[in-house]
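Engineer: Pasting a structure here, questions to come.
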Amino acid sequence: MLAVIQRVRHARVVVEAQEVGAIGPGLLVLLCAEQGDAVGHGDKLLAKILKLRIFSDAQGKMNNSVQDMDGQGGSGGLLIVSQFTLAADTSGGNRPSFKTAAAPDEGRRLYEHFVAQARLLHPTVATGVFAADMQVELVNDGPVTIPMRVVAG
């Protein structure tokens, strides 16, 4: 399972001119399920994301996670957006291949499980719409952008 994590001041997702999800300070999580992934991979990735220390403490050091953001009223938000294009393989030319991405039904199942677990473990979770044409707006804080992968097998 792949993710790109962006520390944001705020982020939102718009589908057909309607805002479907938004957060203030927190993490934008772009998420991609790959062939061979299982719910356990998503659970492991979510645990890592929730504990990732990329928010500043009182001394300005990246020591806090999204769950213990210092000076920002407690936990930050999570905005989870499905993005199969993270599985892009560009080694064969200029047109990317997405053959390693999970099939749509499996990708949806794994994405929905990830979101459900996030909602159980974290107080502020917003989402995009699986397989929709989405516009994602964000202000990246730092900027801090971190790719993450939990490998099947």
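By convention in this document, the chains of the structure tokens carry letters A, B, ... by their order, each chain's residues are numbered from 1, and ligands are numbered from 1 in the order they are shown.
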Taking 5 positions as the minimum chain separation for residues in the same chain, which residues sit within 9 Å of range 24-28 of chain A when counting only C-alpha atoms? Answer as a ChimeraX atom specification.
Structural biologist: /A:4-12,49,55,66,69,72,75-81,138,140-141
Engineer: As a ChimeraX atom specification, please: all residues of chain A that backbone DSSP puts in helix (DSSP H, G or I).
Structural biologist: /A:39-51,66-68,84-87,104-121
Engineer: Measure the distance from CA of Ala47 in chain A to CA of Gln117 in chain A in Å and round it to one decimal.
Structural biologist: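 Interatomic distance here is 9.7 Å.
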Engineer: Hey, what's within 9 Å of Ala101 in chain A if we count only C-alpha atoms and toss same-chain stuff fewer than 2 positions away? As an MDAnalysis selection string, please?
Structural biologist: chainID A and resid 32:35 84:88 98:99 103:104 107
Engineer: Please dump the current selection as a PDB file, in the first residue's frame; keep N, CA and C atoms.
Structural biologist:
ATOM      1  N   CYS A  32      -3.067   4.742  -2.086  1.00  0.00           N
ATOM      2  CA  CYS A  32      -3.174   3.838  -3.228  1.00  0.00           C
ATOM      3  C   CYS A  32      -3.002   2.393  -2.770  1.00  0.00           C
ATOM      4  N   ALA A  33      -3.978   1.568  -3.097  1.00  0.00           N
ATOM      5  CA  ALA A  33      -3.854   0.124  -2.850  1.00  0.00           C
ATOM      6  C   ALA A  33      -3.259  -0.520  -4.093  1.00  0.00           C
ATOM      7  N   GLU A  34      -2.353  -1.456  -3.870  1.00  0.00           N
ATOM      8  CA  GLU A  34      -1.716  -2.180  -4.970  1.00  0.00           C
ATOM      9  C   GLU A  34      -2.147  -3.635  -4.952  1.00  0.00           C
ATOM     10  N   GLN A  35      -1.918  -4.300  -6.063  1.00  0.00           N
ATOM     11  CA  GLN A  35      -2.225  -5.729  -6.143  1.00  0.00           C
ATOM     12  C   GLN A  35      -1.487  -6.460  -5.033  1.00  0.00           C
ATOM     13  N   PHE A  84      -5.090   6.209  -7.205  1.00  0.00           N
ATOM     14  CA  PHE A  84      -4.450   5.052  -7.830  1.00  0.00           C
ATOM     15  C   PHE A  84      -3.225   5.438  -8.641  1.00  0.00           C
ATOM     16  N   THR A  85      -3.112   6.698  -9.043  1.00  0.00           N
ATOM     17  CA  THR A  85      -1.974   7.105  -9.871  1.00  0.00           C
ATOM     18  C   THR A  85      -0.646   7.051  -9.116  1.00  0.00           C
ATOM     19  N   LEU A  86      -0.681   6.868  -7.808  1.00  0.00           N
ATOM     20  CA  LEU A  86       0.575   6.678  -7.071  1.00  0.00           C
ATOM     21  C   LEU A  86       1.283   5.403  -7.508  1.00  0.00           C
ATOM     22  N   ALA A  87       0.548   4.474  -8.095  1.00  0.00           N
ATOM     23  CA  ALA A  87       1.135   3.217  -8.566  1.00  0.00           C
ATOM     24  C   ALA A  87       1.734   3.349  -9.966  1.00  0.00           C
ATOM     25  N   ALA A  88       1.861   4.562 -10.463  1.00  0.00           N
ATOM     26  CA  ALA A  88       2.353   4.776 -11.827  1.00  0.00           C
ATOM     27  C   ALA A  88       3.742   4.188 -12.036  1.00  0.00           C
ATOM     28  N   PHE A  98      -0.452   1.692 -14.912  1.00  0.00           N
ATOM     29  CA  PHE A  98      -0.963   1.553 -13.551  1.00  0.00           C
ATOM     30  C   PHE A  98      -1.272   0.099 -13.236  1.00  0.00           C
ATOM     31  N   LYS A  99      -0.560  -0.818 -13.882  1.00  0.00           N
ATOM     32  CA  LYS A  99      -0.871  -2.241 -13.767  1.00  0.00           C
ATOM     33  C   LYS A  99      -0.656  -2.796 -12.365  1.00  0.00           C
ATOM     34  N   ALA A 103      -7.225  -3.714  -8.457  1.00  0.00           N
ATOM     35  CA  ALA A 103      -8.438  -3.586  -9.271  1.00  0.00           C
ATOM     36  C   ALA A 103      -9.414  -2.654  -8.543  1.00  0.00           C
ATOM     37  N   PRO A 104     -10.266  -1.945  -9.287  1.00  0.00           N
ATOM     38  CA  PRO A 104     -11.149  -0.954  -8.648  1.00  0.00           C
ATOM     39  C   PRO A 104     -11.962  -1.478  -7.466  1.00  0.00           C
ATOM     40  N   GLY A 107      -9.522  -2.071  -4.636  1.00  0.00           N
ATOM     41  CA  GLY A 107      -9.028  -0.782  -4.172  1.00  0.00           C
ATOM     42  C   GLY A 107     -10.048  -0.071  -3.308  1.00  0.00           C
TER      43      GLY A 107
END
Engineer: When distances are computed from only C-alpha atoms, which of A:Leu52, A:Gly42, A:Met62, A:Arg108 shows the smallest separation from Ala132 in chain A?
Structural biologist: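 Of the candidates, the smallest distance to Ala132 in chain A is held by A:Arg108.
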Engineer: Calculated over only C-alpha atoms, which of the candidates A:Lys61, A:Asp68, A:Leu30, A:Pro123 has the smallest distance to Thr145 in chain A?
Structural biologist: A:Leu30
Engineer: If you run DSSP on this backbone, which residues of range 12-94 of chain A come out as strand (DSSP E or B), and could you give them as a PyMOL selection string?
Structural biologist: chain A and resi 12-15+18-23+26-32+34+55-56+62-64+77-82+89
Engineer: Counting only C-alpha atoms, figure out which residue out of A:Leu110, A:Pro147, A:Glu137, A:Gly142 gets nearest to Ala38 in chain A.
Structural biologist: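 Under the stated criterion, the closest residue is A:Leu110.
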Engineer: Which residue gives the smallest distance to Gly128 in chain A among A:Ala3, A:Ser97, A:Asp105, A:Ser82, with only C-alpha atoms counted?
Structural biologist: A:Ser82
Engineer: Find the spatial neighbours of Gln18 in chain A, counting only C-alpha atoms, within a cut-off of 12 Å - ignore same-chain residues fewer than 2 positions away - and output them as a VMD selection string.
Structural biologist: chain A and resid 12 to 16 20 to 22 128 to 129 133 to 136
Engineer: Give the answer as one residue: which of A:Val39, A:Arg95, A:Leu46, A:Phe114 has the shortest atom-to-atom distance to Met148 in chain A, using only C-alpha atoms?
Structural biologist: A:Leu46
Engineer: When you draw a straight line from CA of Leu120 in chain A to CA of Ile146 in chain A, how long is it in Å?
Structural biologist: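 Calculated distance between CA of Leu120 in chain A and CA of Ile146 in chain A is 23.6 Å.
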Engineer: Calculate how many Å separate CA of Asp43 in chain A from CA of Asn63 in chain A, rounding to one decimal.
Structural biologist: 22.4 Å
